[in-house]
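Everything below concerns the one structure shown next.
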Amino acid sequence: MAHAAPVHSRHSRPSRRSGPATPRSRAASTPAARWAGLALLMGVVYGLWACAIRRDGGPITTGNVLFGVVTGLLFAALMLAVHRMAPALPRELRALSWAAFAGVTFGFLYSLAGASVLRSTVMALLIAGGVFAVTFYRYYTTE
């Protein structure tokens with residue numbers, strides 16, 4: 001049995017893509033590549049923020065720049081590690097891992113500003129509690 005060929009009207013626009021996607025464009029759009037880019041961007045922001053807090057309005061030094069680079073790289077590596085490991089965990093532990101990551105990273109920045117250890121810990125626990133509540137709710141309602 002024969003099928004009719006599709007009919008194109010005069011007013012239909014041709015597709016803008018003229019061929020299959022190249023391997024490079026496909027690789028750039030994978031979720032892993034997006035997460036790596038996001039982690040790198042967040043690491044740069046975190047490193048600059050930590051560097052600025054530690055500099056405290058003084059001159060930019062090599063040690064200060066090195067501190068910002070190292071903290072940014074550690075942040076990005078930890079963010080990628082939590083992202084890679086979290087899907088294998090049950091929702092409670094997945095939410096707890098993101099909460100611990102957020103609490104530790106916020107507490108570190110807060111302690112750089114000159115706050116006491118007790119105040120930094122309390123603020124980090126408050127942030128971690130909020131992140132836990134939000135992520136647990138998200139995971140609980142979407143699974």
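Each chain in the structure tokens gets a letter, A, B, ..., in the order shown, and its residues are numbered from 1; ligands are numbered from 1 in order too.
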
Which residues come within 7 Å of range 31-40 of chain A, counting only C-alpha atoms, excluding same-chain residues fewer than 5 positions away, as a PyMOL selection string?
chain A and resi 76+79-80

For the structure I just gave you, how does DSSP split range 13-96 of chain A - specifically, which residues are alpha helix (DSSP H)? Reply as a ChimeraX atom specification.
/A:23-28,31-55,62-85,91-96

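CA of Thr105 in chain A is positioned 14.1 Å from CA of Val117 in chain A.
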
Excluding Gly107 in chain A and its own-chain neighbours fewer than 5 positions away, which residues fall within 12 Å of it when counting only C-alpha atoms? Please give them as a PDB file with N, CA, C and O atoms, in the first residue's frame.
```pdb
ATOM      1  N   ALA A  50      35.863  34.565  47.804  1.00  0.00           N
ATOM      2  CA  ALA A  50      36.771  34.245  48.910  1.00  0.00           C
ATOM      3  C   ALA A  50      38.017  35.127  48.868  1.00  0.00           C
ATOM      4  O   ALA A  50      38.492  35.611  49.902  1.00  0.00           O
ATOM      5  N   ALA A  99      22.857  19.676  51.314  1.00  0.00           N
ATOM      6  CA  ALA A  99      22.787  20.577  52.464  1.00  0.00           C
ATOM      7  C   ALA A  99      24.150  20.710  53.137  1.00  0.00           C
ATOM      8  O   ALA A  99      24.562  21.817  53.513  1.00  0.00           O
ATOM      9  N   ALA A 100      24.853  19.603  53.291  1.00  0.00           N
ATOM     10  CA  ALA A 100      26.189  19.660  53.891  1.00  0.00           C
ATOM     11  C   ALA A 100      27.142  20.466  53.013  1.00  0.00           C
ATOM     12  O   ALA A 100      27.931  21.283  53.518  1.00  0.00           O
ATOM     13  N   PHE A 101      27.065  20.267  51.695  1.00  0.00           N
ATOM     14  CA  PHE A 101      27.907  21.040  50.782  1.00  0.00           C
ATOM     15  C   PHE A 101      27.628  22.531  50.919  1.00  0.00           C
ATOM     16  O   PHE A 101      28.547  23.348  51.041  1.00  0.00           O
ATOM     17  N   ALA A 102      26.349  22.913  50.905  1.00  0.00           N
ATOM     18  CA  ALA A 102      25.986  24.324  51.009  1.00  0.00           C
ATOM     19  C   ALA A 102      26.383  24.902  52.363  1.00  0.00           C
ATOM     20  O   ALA A 102      26.891  26.028  52.446  1.00  0.00           O
ATOM     21  N   LEU A 112      35.653  33.525  56.910  1.00  0.00           N
ATOM     22  CA  LEU A 112      36.674  34.406  56.340  1.00  0.00           C
ATOM     23  C   LEU A 112      36.403  35.867  56.665  1.00  0.00           C
ATOM     24  O   LEU A 112      37.331  36.682  56.709  1.00  0.00           O
ATOM     25  N   ALA A 113      35.147  36.213  56.880  1.00  0.00           N
ATOM     26  CA  ALA A 113      34.773  37.590  57.165  1.00  0.00           C
ATOM     27  C   ALA A 113      35.120  37.999  58.591  1.00  0.00           C
ATOM     28  O   ALA A 113      34.912  39.148  58.967  1.00  0.00           O
ATOM     29  N   GLY A 114      35.652  37.085  59.380  1.00  0.00           N
ATOM     30  CA  GLY A 114      36.090  37.429  60.727  1.00  0.00           C
ATOM     31  C   GLY A 114      35.118  37.037  61.826  1.00  0.00           C
ATOM     32  O   GLY A 114      35.296  37.434  62.975  1.00  0.00           O
ATOM     33  N   ALA A 115      34.103  36.273  61.516  1.00  0.00           N
ATOM     34  CA  ALA A 115      33.142  35.843  62.528  1.00  0.00           C
ATOM     35  C   ALA A 115      33.765  34.747  63.399  1.00  0.00           C
ATOM     36  O   ALA A 115      34.711  34.075  62.988  1.00  0.00           O
ATOM     37  N   SER A 116      33.221  34.588  64.585  1.00  0.00           N
ATOM     38  CA  SER A 116      33.724  33.542  65.476  1.00  0.00           C
ATOM     39  C   SER A 116      33.343  32.165  64.940  1.00  0.00           C
ATOM     40  O   SER A 116      32.474  32.030  64.074  1.00  0.00           O
ATOM     41  N   VAL A 117      33.991  31.155  65.490  1.00  0.00           N
ATOM     42  CA  VAL A 117      33.717  29.786  65.063  1.00  0.00           C
ATOM     43  C   VAL A 117      32.280  29.405  65.390  1.00  0.00           C
ATOM     44  O   VAL A 117      31.593  28.766  64.574  1.00  0.00           O
ATOM     45  N   LEU A 118      31.805  29.802  66.548  1.00  0.00           N
ATOM     46  CA  LEU A 118      30.441  29.476  66.956  1.00  0.00           C
ATOM     47  C   LEU A 118      29.421  30.136  66.024  1.00  0.00           C
ATOM     48  O   LEU A 118      28.479  29.486  65.554  1.00  0.00           O
ATOM     49  N   ARG A 119      29.611  31.411  65.731  1.00  0.00           N
ATOM     50  CA  ARG A 119      28.672  32.116  64.843  1.00  0.00           C
ATOM     51  C   ARG A 119      28.722  31.534  63.432  1.00  0.00           C
ATOM     52  O   ARG A 119      27.685  31.370  62.782  1.00  0.00           O
ATOM     53  N   SER A 120      29.911  31.210  62.949  1.00  0.00           N
ATOM     54  CA  SER A 120      30.034  30.602  61.613  1.00  0.00           C
ATOM     55  C   SER A 120      29.329  29.256  61.561  1.00  0.00           C
ATOM     56  O   SER A 120      28.664  28.930  60.564  1.00  0.00           O
ATOM     57  N   THR A 121      29.460  28.475  62.624  1.00  0.00           N
ATOM     58  CA  THR A 121      28.819  27.170  62.680  1.00  0.00           C
ATOM     59  C   THR A 121      27.302  27.302  62.702  1.00  0.00           C
ATOM     60  O   THR A 121      26.595  26.570  61.996  1.00  0.00           O
ATOM     61  N   VAL A 122      26.796  28.222  63.497  1.00  0.00           N
ATOM     62  CA  VAL A 122      25.342  28.423  63.587  1.00  0.00           C
ATOM     63  C   VAL A 122      24.794  28.887  62.241  1.00  0.00           C
ATOM     64  O   VAL A 122      23.761  28.371  61.765  1.00  0.00           O
ATOM     65  N   MET A 123      25.464  29.831  61.604  1.00  0.00           N
ATOM     66  CA  MET A 123      24.998  30.317  60.298  1.00  0.00           C
ATOM     67  C   MET A 123      25.050  29.206  59.252  1.00  0.00           C
ATOM     68  O   MET A 123      24.142  29.069  58.426  1.00  0.00           O
ATOM     69  N   ALA A 124      26.115  28.397  59.275  1.00  0.00           N
ATOM     70  CA  ALA A 124      26.234  27.282  58.330  1.00  0.00           C
ATOM     71  C   ALA A 124      25.128  26.260  58.562  1.00  0.00           C
ATOM     72  O   ALA A 124      24.559  25.722  57.600  1.00  0.00           O
ATOM     73  N   LEU A 125      24.794  25.986  59.818  1.00  0.00           N
ATOM     74  CA  LEU A 125      23.709  25.047  60.112  1.00  0.00           C
ATOM     75  C   LEU A 125      22.353  25.588  59.662  1.00  0.00           C
ATOM     76  O   LEU A 125      21.507  24.816  59.192  1.00  0.00           O
ATOM     77  N   LEU A 126      22.144  26.885  59.800  1.00  0.00           N
ATOM     78  CA  LEU A 126      20.887  27.479  59.330  1.00  0.00           C
ATOM     79  C   LEU A 126      20.766  27.377  57.805  1.00  0.00           C
ATOM     80  O   LEU A 126      19.706  27.012  57.280  1.00  0.00           O
ATOM     81  N   ILE A 127      21.840  27.676  57.112  1.00  0.00           N
ATOM     82  CA  ILE A 127      21.831  27.558  55.650  1.00  0.00           C
ATOM     83  C   ILE A 127      21.632  26.099  55.245  1.00  0.00           C
ATOM     84  O   ILE A 127      20.836  25.791  54.346  1.00  0.00           O
ATOM     85  N   ALA A 128      22.336  25.194  55.901  1.00  0.00           N
ATOM     86  CA  ALA A 128      22.215  23.772  55.578  1.00  0.00           C
ATOM     87  C   ALA A 128      20.794  23.274  55.851  1.00  0.00           C
ATOM     88  O   ALA A 128      20.254  22.476  55.082  1.00  0.00           O
TER      89      ALA A 128
END
```

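You will find CA of Ser97 in chain A at 29.4 Å from CA of Asn64 in chain A.
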
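Contact shell of Arg94 in chain A at 12 Å (only C-alpha atoms; same-chain neighbours under 4 positions omitted): Val82, His83, Arg84, Met85, Ala86, Pro87, Ala88, Leu89, Pro90, Trp98, Ala99, Ala100, Phe101, Val131, Phe132, Ala133, Val134, Thr135, Phe136, Tyr137, Arg138, Tyr139 and Tyr140 of chain A.
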
Two-atom distance - CA of Val104 in chain A, CA of Phe75 in chain A (Å):
10.3 Å

Best match for closeness to Ala95 in chain A among A:Gly129, A:Tyr46, A:Phe67, A:Gly57, counting only C-alpha atoms
A:Gly129

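When only C-alpha atoms are used to compute distances to Leu41 in chain A, the closest of the residues A:Gly130, A:Phe106, A:Ala77, A:Glu143 turns out to be A:Ala77.
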